[in-house]
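What follows is the content of start_39.cif (mmCIF, C-alpha atoms).
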data_coords
#
loop_
_atom_site.group_PDB
_atom_site.id
_atom_site.type_symbol
_atom_site.label_atom_id
_atom_site.label_comp_id
_atom_site.auth_asym_id
_atom_site.auth_seq_id
_atom_site.Cartn_x
_atom_site.Cartn_y
_atom_site.Cartn_z
ATOM 1 C CA MET A 26 126.635 126.418 155.362
ATOM 2 C CA ASP A 27 125.484 128.227 152.225
ATOM 3 C CA ASP A 28 122.889 130.122 154.243
ATOM 4 C CA ALA A 29 125.491 131.468 156.662
ATOM 5 C CA PHE A 30 127.842 132.443 153.857
ATOM 6 C CA ASP A 31 125.028 134.014 151.849
ATOM 7 C CA LEU A 32 124.155 136.159 154.851
ATOM 8 C CA THR A 33 127.784 137.255 155.079
ATOM 9 C CA VAL A 34 127.778 138.148 151.390
ATOM 10 C CA ARG A 35 124.456 139.964 151.607
ATOM 11 C CA THR A 36 125.625 141.957 154.608
ATOM 12 C CA ALA A 37 128.874 142.890 152.855
ATOM 13 C CA VAL A 38 127.012 144.022 149.721
ATOM 14 C CA TYR A 39 124.533 146.143 151.655
ATOM 15 C CA GLN A 40 127.244 147.668 153.840
ATOM 16 C CA HIS A 41 129.187 148.619 150.715
ATOM 17 C CA PHE A 42 126.136 150.281 149.165
ATOM 18 C CA ALA A 43 125.276 152.070 152.402
ATOM 19 C CA THR A 44 128.804 153.352 152.878
ATOM 20 C CA THR A 45 129.691 154.312 149.320
ATOM 21 C CA GLY A 46 126.411 154.630 147.402
ATOM 22 C CA ARG A 47 127.770 152.294 144.730
ATOM 23 C CA SER A 48 127.782 148.582 143.942
ATOM 24 C CA PRO A 49 130.739 146.588 145.211
ATOM 25 C CA THR A 50 132.862 144.861 142.618
ATOM 26 C CA ARG A 51 132.954 141.100 142.875
ATOM 27 C CA ASP A 52 136.565 141.400 144.043
ATOM 28 C CA ALA A 53 135.526 143.789 146.802
ATOM 29 C CA THR A 54 132.844 141.366 147.992
ATOM 30 C CA ALA A 55 135.352 138.499 147.908
ATOM 31 C CA GLN A 56 137.783 140.524 149.949
ATOM 32 C CA ALA A 57 135.133 141.606 152.465
ATOM 33 C CA THR A 58 133.929 138.041 152.980
ATOM 34 C CA GLY A 59 137.233 136.169 152.754
ATOM 35 C CA ALA A 60 136.018 134.151 149.773
ATOM 36 C CA ALA A 61 138.769 132.253 148.003
ATOM 37 C CA SER A 62 137.469 132.766 144.466
ATOM 38 C CA ASP A 63 135.130 134.816 142.281
ATOM 39 C CA ARG A 64 133.130 131.652 141.598
ATOM 40 C CA ILE A 65 132.172 131.395 145.267
ATOM 41 C CA ILE A 66 130.822 134.949 145.187
ATOM 42 C CA SER A 67 128.954 134.386 141.902
ATOM 43 C CA ASP A 68 127.295 131.282 143.345
ATOM 44 C CA ALA A 69 126.225 133.245 146.433
ATOM 45 C CA TYR A 70 124.812 135.998 144.188
ATOM 46 C CA ARG A 71 122.751 133.363 142.329
ATOM 47 C CA ARG A 72 121.308 131.994 145.568
ATOM 48 C CA LEU A 73 120.553 135.484 146.893
ATOM 49 C CA PHE A 74 118.773 136.307 143.637
ATOM 50 C CA ALA A 75 116.657 133.179 144.073
ATOM 51 C CA LYS A 76 115.763 134.457 147.550
ATOM 52 C CA ARG A 77 114.831 137.850 146.034
ATOM 53 C CA MET A 78 117.463 139.670 148.034
ATOM 54 C CA LEU A 79 119.818 140.777 145.248
ATOM 55 C CA VAL A 80 119.851 141.150 141.475
ATOM 56 C CA PRO A 81 123.362 140.615 140.105
ATOM 57 C CA ALA A 82 124.526 142.247 136.895
ATOM 58 C CA ASP A 83 124.404 139.938 133.885
ATOM 59 C CA ASP A 84 128.128 139.204 134.104
ATOM 60 C CA PHE A 85 128.017 138.736 137.895
ATOM 61 C CA THR A 86 130.871 141.198 138.402
ATOM 62 C CA SER A 87 128.660 143.693 140.226
ATOM 63 C CA ILE A 88 125.185 144.130 141.681
ATOM 64 C CA ARG A 89 122.385 145.606 139.552
ATOM 65 C CA MET A 90 119.954 145.898 142.452
ATOM 66 C CA ALA A 91 120.208 145.402 146.193
ATOM 67 C CA PRO A 92 116.789 146.816 146.975
ATOM 68 C CA PRO A 93 116.399 149.687 147.690
ATOM 69 C CA PHE A 94 119.894 150.470 146.320
ATOM 70 C CA SER A 95 120.628 150.569 142.590
ATOM 71 C CA GLY A 96 124.003 149.644 141.159
ATOM 72 C CA VAL A 97 123.341 151.741 138.058
ATOM 73 C CA GLU A 98 122.383 155.380 137.598
ATOM 74 C CA THR A 99 118.658 156.147 137.566
ATOM 75 C CA GLN A 100 116.476 159.251 137.686
ATOM 76 C CA HIS A 101 115.795 158.576 141.376
ATOM 77 C CA ARG A 102 118.609 160.199 143.359
ATOM 78 C CA VAL A 103 118.899 160.175 147.133
ATOM 79 C CA THR A 104 121.240 161.953 149.496
ATOM 80 C CA VAL A 105 121.665 160.918 153.104
ATOM 81 C CA GLY A 106 124.307 162.838 155.025
ATOM 82 C CA THR A 107 127.115 163.428 152.554
ATOM 83 C CA THR A 108 126.579 160.250 150.515
ATOM 84 C CA ALA A 109 124.644 160.125 147.235
ATOM 85 C CA TYR A 110 122.719 157.053 146.097
ATOM 86 C CA PHE A 111 120.656 155.858 143.158
ATOM 87 C CA ALA A 112 117.348 154.101 143.849
ATOM 88 C CA ASN A 113 115.748 151.475 141.620
ATOM 89 C CA CYS A 114 112.388 153.234 141.554
ATOM 90 C CA ALA A 115 110.222 155.811 143.300
ATOM 91 C CA TRP A 116 109.418 153.412 146.167
ATOM 92 C CA ASP A 117 113.079 152.589 146.662
ATOM 93 C CA SER A 118 114.039 156.274 146.782
ATOM 94 C CA PHE A 119 111.984 156.530 149.957
ATOM 95 C CA GLY A 120 113.323 153.108 150.962
ATOM 96 C CA ILE A 121 116.946 154.249 150.954
ATOM 97 C CA VAL A 122 116.107 157.095 153.315
ATOM 98 C CA SER A 123 114.208 154.709 155.568
ATOM 99 C CA ALA A 124 117.012 152.116 155.557
ATOM 100 C CA LEU A 125 119.565 154.769 156.483
ATOM 101 C CA GLY A 126 117.763 156.239 159.464
ATOM 102 C CA GLY A 127 114.765 158.108 158.109
ATOM 103 C CA THR A 128 116.175 161.507 157.208
ATOM 104 C CA GLY A 129 117.394 162.453 153.739
ATOM 105 C CA ASP A 130 116.677 164.107 150.419
ATOM 106 C CA VAL A 131 115.028 162.619 147.340
ATOM 107 C CA ALA A 132 115.376 164.126 143.868
ATOM 108 C CA SER A 133 113.359 162.639 141.042
ATOM 109 C CA ARG A 134 110.860 163.770 138.403
ATOM 110 C CA CYS A 135 107.368 163.481 137.031
ATOM 111 C CA GLU A 136 107.682 160.816 134.365
ATOM 112 C CA GLN A 137 105.233 162.626 132.057
ATOM 113 C CA THR A 138 106.078 166.318 132.459
ATOM 114 C CA LEU A 139 109.704 165.817 133.600
ATOM 115 C CA GLU A 140 109.064 168.416 136.303
ATOM 116 C CA PRO A 141 111.632 167.924 139.057
ATOM 117 C CA LEU A 142 110.566 166.516 142.409
ATOM 118 C CA GLU A 143 112.665 167.427 145.424
ATOM 119 C CA LEU A 144 111.652 166.230 148.863
ATOM 120 C CA HIS A 145 113.231 166.374 152.286
ATOM 121 C CA LEU A 146 112.129 163.276 154.201
ATOM 122 C CA THR A 147 112.166 162.890 157.962
ATOM 123 C CA PRO A 148 111.012 160.009 160.172
ATOM 124 C CA ALA A 149 107.583 161.720 160.137
ATOM 125 C CA GLY A 150 107.440 161.214 156.361
ATOM 126 C CA PRO A 151 107.379 163.545 153.354
ATOM 127 C CA PRO A 152 106.118 167.138 153.423
ATOM 128 C CA PRO A 153 102.550 167.742 152.163
ATOM 129 C CA SER A 154 102.420 167.089 148.433
ATOM 130 C CA ALA A 155 99.895 166.231 145.725
ATOM 131 C CA TRP A 156 102.380 164.065 143.834
ATOM 132 C CA LEU A 157 101.442 160.415 143.209
ATOM 133 C CA PHE A 158 103.125 157.035 143.095
ATOM 134 C CA HIS A 159 102.100 154.675 140.300
ATOM 135 C CA CYS A 160 103.201 151.171 139.363
ATOM 136 C CA VAL A 161 102.184 149.449 136.135
ATOM 137 C CA VAL A 162 102.943 145.928 137.350
ATOM 138 C CA PRO A 163 100.594 144.322 139.919
ATOM 139 C CA ALA A 164 102.089 143.046 143.170
ATOM 140 C CA SER A 165 101.621 139.410 142.159
ATOM 141 C CA LYS A 166 103.984 139.906 139.222
ATOM 142 C CA TRP A 167 106.663 142.224 140.617
ATOM 143 C CA TRP A 168 109.416 139.615 140.591
ATOM 144 C CA ASN A 169 108.562 138.199 137.163
ATOM 145 C CA ASP A 170 110.804 140.971 135.815
ATOM 146 C CA ILE A 171 111.971 143.019 138.771
ATOM 147 C CA VAL A 172 114.155 145.323 136.688
ATOM 148 C CA PHE A 173 111.155 146.384 134.573
ATOM 149 C CA THR A 174 108.941 146.624 137.656
ATOM 150 C CA MET B 5 107.316 152.438 139.908
ATOM 151 C CA LEU B 6 107.291 156.123 139.151
ATOM 152 C CA PHE B 7 106.333 159.559 140.441
ATOM 153 C CA PHE B 8 103.706 161.738 138.766
ATOM 154 C CA ARG B 9 102.863 165.383 139.320
ATOM 155 C CA SER B 10 99.094 164.896 139.079
ATOM 156 C CA GLU B 11 96.316 162.561 137.981
ATOM 157 C CA ASP B 12 96.277 164.336 134.618
ATOM 158 C CA ALA B 13 99.989 163.780 134.093
ATOM 159 C CA LEU B 14 99.633 160.110 135.041
ATOM 160 C CA ASN B 15 96.701 159.595 132.686
ATOM 161 C CA GLU B 16 98.590 161.255 129.830
ATOM 162 C CA TRP B 17 101.606 159.020 130.452
ATOM 163 C CA CYS B 18 99.506 155.849 130.536
ATOM 164 C CA THR B 19 97.830 156.802 127.257
ATOM 165 C CA ALA B 20 101.088 157.769 125.562
ATOM 166 C CA HIS B 21 102.838 154.543 126.595
ATOM 167 C CA ARG B 22 99.780 152.280 126.297
ATOM 168 C CA HIS B 23 100.128 151.183 129.897
ATOM 169 C CA PRO B 24 97.094 150.361 132.042
ATOM 170 C CA ARG B 25 96.107 152.960 134.603
ATOM 171 C CA ARG B 26 96.623 151.320 137.992
ATOM 172 C CA PRO B 27 95.668 152.356 141.538
ATOM 173 C CA THR B 28 97.922 155.067 142.938
ATOM 174 C CA ALA B 29 99.451 155.719 146.339
ATOM 175 C CA THR B 30 99.981 159.086 147.988
ATOM 176 C CA LEU B 31 103.432 160.078 149.134
ATOM 177 C CA PRO B 32 102.562 159.489 152.821
ATOM 178 C CA GLN B 33 101.394 155.975 151.839
ATOM 179 C CA LEU B 34 104.609 155.462 149.886
ATOM 180 C CA TRP B 35 106.620 156.464 152.942
ATOM 181 C CA GLN B 36 104.790 153.853 155.020
ATOM 182 C CA MET B 37 105.502 151.248 152.349
ATOM 183 C CA ALA B 38 109.183 152.199 152.377
ATOM 184 C CA VAL B 39 109.411 151.946 156.157
ATOM 185 C CA ALA B 40 107.628 148.562 156.187
ATOM 186 C CA TRP B 41 109.919 147.102 153.527
ATOM 187 C CA TYR B 42 113.242 148.748 154.201
ATOM 188 C CA ALA B 43 113.621 150.217 157.703
ATOM 189 C CA ASN B 44 115.612 147.178 158.865
ATOM 190 C CA ARG B 45 117.086 146.204 155.486
ATOM 191 C CA LEU B 46 120.680 146.655 156.685
ATOM 192 C CA SER B 47 120.123 144.298 159.600
ATOM 193 C CA PRO B 48 121.330 140.692 159.270
ATOM 194 C CA GLN B 49 117.801 139.669 160.290
ATOM 195 C CA ALA B 50 116.238 141.520 157.354
ATOM 196 C CA ARG B 51 113.898 139.556 155.110
ATOM 197 C CA ARG B 52 111.169 140.294 152.635
ATOM 198 C CA PRO B 53 107.660 140.177 154.108
ATOM 199 C CA ASP B 54 105.711 137.062 153.131
ATOM 200 C CA ALA B 55 102.411 137.199 151.263
ATOM 201 C CA ASN B 56 100.232 137.493 154.360
ATOM 202 C CA GLU B 57 102.452 140.185 155.817
ATOM 203 C CA ILE B 58 102.355 142.082 152.527
ATOM 204 C CA ARG B 59 98.546 142.007 152.557
ATOM 205 C CA GLN B 60 98.509 143.241 156.147
ATOM 206 C CA ILE B 61 100.943 146.063 155.375
ATOM 207 C CA PHE B 62 98.924 147.299 152.413
ATOM 208 C CA ALA B 63 95.650 146.979 154.322
ATOM 209 C CA ARG B 64 97.058 149.007 157.215
ATOM 210 C CA ILE B 65 98.150 151.704 154.785
ATOM 211 C CA GLY B 66 94.757 151.747 153.094
ATOM 212 C CA LEU B 67 95.774 150.055 149.825
ATOM 213 C CA THR B 68 93.108 147.381 149.526
ATOM 214 C CA ASP B 69 92.635 147.019 145.769
ATOM 215 C CA PRO B 70 93.458 143.481 144.509
ATOM 216 C CA PHE B 71 96.257 145.156 142.526
ATOM 217 C CA TRP B 72 98.275 145.170 145.759
ATOM 218 C CA ASP B 73 97.581 141.496 146.587
ATOM 219 C CA PRO B 74 100.788 139.469 146.086
ATOM 220 C CA GLN B 75 98.770 136.350 145.246
ATOM 221 C CA ALA B 76 95.941 137.863 143.218
ATOM 222 C CA ASP B 77 95.051 135.844 140.135
ATOM 223 C CA ARG B 78 92.989 138.574 138.497
ATOM 224 C CA PHE B 79 95.951 140.198 136.768
#

Is it possible to express this structure as structure tokens?
Amino acid sequence: MDDAFDLTVRTAVYQHFATTGRSPTRDATAQATGAASDRIISDAYRRLFAKRMLVPADDFTSIRMAPPFSGVETQHRVTVGTTAYFANCAWDSFGIVSALGGTGDVASRCEQTLEPLELHLTPAGPPPSAWLFHCVVPASKWWNDIVFT
Amino acid sequence: MLFFRSEDALNEWCTAHRHPRRPTATLPQLWQMAVAWYANRLSPQARRPDANEIRQIFARIGLTDPFWDPQADRF
């Protein structure tokens, strides 16, 4: 029963992000899923975090991360159609475009020089570029602290 | 998980922040990673790849360093 409800909650959260570019409030998720109380939604958020599908905000009133979507502003901005999004990281900026059909624009920066990066992505991938992707945390430890990763 | 303009910029950032210099991916490799992880993320059937699938994805993309192994014990 929890699994089916968790899927409903997850779907509602992702649909909200995809449609609006922002995190749903807990009330919005409750309304979208027909949940009778905030507690039911918070419990579902906890289970989905354990399954590595969502990262709730500390107070459980919103979603910090629904990978690739970010519930908070970051330097990784994505536009698909007329909707603007924030990504959790460089990887997720490409991930939002992929999740939403494969065509969109990424705006980010070089973390050292702060030079802007602007890319138009298509299903064929990014245009030719010498820019690099780097991650400090090895794959085996990504979820030890996914926000830092 | 960040973007860098060049190897020099990355090396300067690692030194300045005392972070280890890790293997990098090109932007075409990053796109393949994004597609493998997220292309069906809005589907109700979406799930994270398991450890074996992650290894296969990275191997297919050409990222074979143990850094990318989800069960590596070297780090």

#### Entry: Point-to-point distance in Å for CA of Ala43 (chain B) and CA of Pro27 (chain B)
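Distance between the two atoms: 24.3 Å.
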
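Using only C-alpha atoms, the nearest neighbour of chain B within the list A:Val131, A:Val34, A:Ile171, A:Ile121 is A:Ile121.
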
### Query
Rounded to one decimal in Å, what is the spacing between CA of Val105 (chain A) and CA of Leu125 (chain A)?
7.3 Å

### Message
Show me, as a PyMOL selection string, every residue of chain B with an atom at most 9 Å from chain A, counting only C-alpha atoms.
### Response
chain B and resi 5-11+13-14+16-18+23-48+51-52+70-77+79

### Residue with smallest distance to Trp168 (chain A) - pool A:Phe30, A:Phe74, A:Phe111, A:Phe94, counting all atoms listed in the file
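The closest residue to Trp168 (chain A) is A:Phe74.
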
### Task
Rounded to one decimal place, report the CA of Arg51 (chain A)-CA of Ala69 (chain A) distance in Å.
10.9 Å

Show which residues sit within 12 Å of region 64-67 of chain A, as a PDB file with C-alpha atoms, in the frame of the given file. Count all atoms listed in the file, and ignore same-chain residues fewer than 2 positions away.
ATOM      1  CA  ASP A  27     125.484 128.227 152.225  1.00  0.00           C
ATOM      2  CA  PHE A  30     127.842 132.443 153.857  1.00  0.00           C
ATOM      3  CA  ASP A  31     125.028 134.014 151.849  1.00  0.00           C
ATOM      4  CA  LEU A  32     124.155 136.159 154.851  1.00  0.00           C
ATOM      5  CA  THR A  33     127.784 137.255 155.079  1.00  0.00           C
ATOM      6  CA  VAL A  34     127.778 138.148 151.390  1.00  0.00           C
ATOM      7  CA  ARG A  35     124.456 139.964 151.607  1.00  0.00           C
ATOM      8  CA  ALA A  37     128.874 142.890 152.855  1.00  0.00           C
ATOM      9  CA  VAL A  38     127.012 144.022 149.721  1.00  0.00           C
ATOM     10  CA  PRO A  49     130.739 146.588 145.211  1.00  0.00           C
ATOM     11  CA  THR A  50     132.862 144.861 142.618  1.00  0.00           C
ATOM     12  CA  ARG A  51     132.954 141.100 142.875  1.00  0.00           C
ATOM     13  CA  ASP A  52     136.565 141.400 144.043  1.00  0.00           C
ATOM     14  CA  ALA A  53     135.526 143.789 146.802  1.00  0.00           C
ATOM     15  CA  THR A  54     132.844 141.366 147.992  1.00  0.00           C
ATOM     16  CA  ALA A  55     135.352 138.499 147.908  1.00  0.00           C
ATOM     17  CA  GLN A  56     137.783 140.524 149.949  1.00  0.00           C
ATOM     18  CA  ALA A  57     135.133 141.606 152.465  1.00  0.00           C
ATOM     19  CA  THR A  58     133.929 138.041 152.980  1.00  0.00           C
ATOM     20  CA  GLY A  59     137.233 136.169 152.754  1.00  0.00           C
ATOM     21  CA  ALA A  60     136.018 134.151 149.773  1.00  0.00           C
ATOM     22  CA  ALA A  61     138.769 132.253 148.003  1.00  0.00           C
ATOM     23  CA  SER A  62     137.469 132.766 144.466  1.00  0.00           C
ATOM     24  CA  ALA A  69     126.225 133.245 146.433  1.00  0.00           C
ATOM     25  CA  TYR A  70     124.812 135.998 144.188  1.00  0.00           C
ATOM     26  CA  ARG A  71     122.751 133.363 142.329  1.00  0.00           C
ATOM     27  CA  ARG A  72     121.308 131.994 145.568  1.00  0.00           C
ATOM     28  CA  LEU A  73     120.553 135.484 146.893  1.00  0.00           C
ATOM     29  CA  PHE A  74     118.773 136.307 143.637  1.00  0.00           C
ATOM     30  CA  LEU A  79     119.818 140.777 145.248  1.00  0.00           C
ATOM     31  CA  VAL A  80     119.851 141.150 141.475  1.00  0.00           C
ATOM     32  CA  PRO A  81     123.362 140.615 140.105  1.00  0.00           C
ATOM     33  CA  ALA A  82     124.526 142.247 136.895  1.00  0.00           C
ATOM     34  CA  ASP A  83     124.404 139.938 133.885  1.00  0.00           C
ATOM     35  CA  ASP A  84     128.128 139.204 134.104  1.00  0.00           C
ATOM     36  CA  PHE A  85     128.017 138.736 137.895  1.00  0.00           C
ATOM     37  CA  THR A  86     130.871 141.198 138.402  1.00  0.00           C
ATOM     38  CA  SER A  87     128.660 143.693 140.226  1.00  0.00           C
ATOM     39  CA  ILE A  88     125.185 144.130 141.681  1.00  0.00           C
TER      40      ILE A  88
END
